Each structure stands twice: as C-alpha cells, then as structure tokens.
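S.K.: Quick one: structure below, then a few questions.
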Amino acid sequence: MFKVIQRSVGPASLSLLTLKVYAAPKKDSPPPHPMKIDELSLYSAPVGQSKYVEEPRTQLEESISQLRHYFEPYTRWCQETYSQTKPKIQTLVQWGLDSYEYLQNAPPGFFPRLGVIGFAGLVGLLLARGSKVKKLVYPPGFMGLAASIYYPQQAIPFVQVSGEKLYDWGLRRYIVVEDLWKGSFQKPGNVKNSPGNK
C-alpha cells in the first residue's frame, strides 16, 4: 500500500508545477513589425497641444533686472579698461621679474656704478634748491651725465633720440607761442588793410 501512495503522489505533484513554453519562430518568416500605440484598438493617444506660458516676474527679479541695466555701461567700461591695461601690467610685471633676475646676477662693478649715478642725482638735487625748473632739470641731467660716463654705448642712441624729441617739442611750442603772439598783438586796422583781405 505504501508503494501505491508513493506512485500516485509523484505524478500529482508534477501537475501542480507551472511551466512556460516558448514557441520557436520559423526560420523563413520575416521579423514582425512592432506596433505603435495608436494602432492598437484599445488605446487612443491624445493629440499633444502644449503652449509655453511665461510666468510673470516677481518684484525681486524686476529689481535685479533694473540694476543690471543700470550698471551695464560701467561693467562694459571696466571690461574694456581691463582688456587694455592687462598687456601693460603683464609687461610691467615681466620687466620687474627681469630686473630682479638681473640684480641677482649683476655683473661685477654694477652696484658701485649705480651708487655713483645715484650720488650724482643727489648732487643735482642739492644744486637745484630754490627753483622748480632746476629741480626738474638738474637731477636727471647729472644722473644722465654720470650714466653716460659708465655706459657710453647705450648713452649715444639715447641722446640722439632724446635730442630729436626735445627739438620736436621745442619747435611745436615755438609755433604755438608765435600764433598766440601774432593773434594777441595784431591791430584790427592792419587786418582790414592787409593785401589778402582786399
């Protein structure tokens, strides 16, 4: 009897199992096309009609917008000034670094020469007491004279360029003074009787 119960329980327990069976596709059949949701009979997709609606600005956003419009010319000016001065500042910084490097590895005799040139400027400042024009001319003149003694090769081109600039500057001032002189001391009667005004 025990053997009968055991044989009947085995097939009965197998009937309680659920199994999935997959059918293999045919090799010659074309692949099925996927269907869209609109093609199914049970579903109908609504037609999308969306419209963008801009939210009204708050008072804080309006204040910030007004401040930005107010400060826009100033920020533009700052950006332009920064873009113009940045190369000059970089050049100045590079010159300072080069000068520092040169002073760290200065050639022999440089510092005594620098002392003599500075002392010549101090003598020029002492001799220029009492006159503002002398204070502008004497110290640089004495320093330039002392520097030209130690560095004649660099002094010659500097003197040539400076002389040309001084001559050009003096000529312009002479023309301005001459125009002012003629304009202020010319008599009104002479202007009417001049040959060019007939």
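As shown in the structure tokens, the chain order sets the letters A, B, ...; within each chain, residues go from 1, and ligands are also counted from 1 in the order they appear.
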Env of Pro139 of chain A: 9 Å cut, atoms = only C-alpha atoms, seq-sep filter 3 positions within chain, self excluded. Answer as an NGL selection string.
M.R.: :A and (120-128 or 134-136 or 142-144)
S.K.: Using Å and a single decimal, report how far atom CA of Val137 of chain A sits from atom CA of Gly118 of chain A.
M.R.: 15.0 Å
S.K.: DSSP on the backbone: what in segment 84-137 of chain A comes out alpha helix (DSSP H), as a PyMOL selection string?
M.R.: chain A and resi 84-104+110-127+132-137
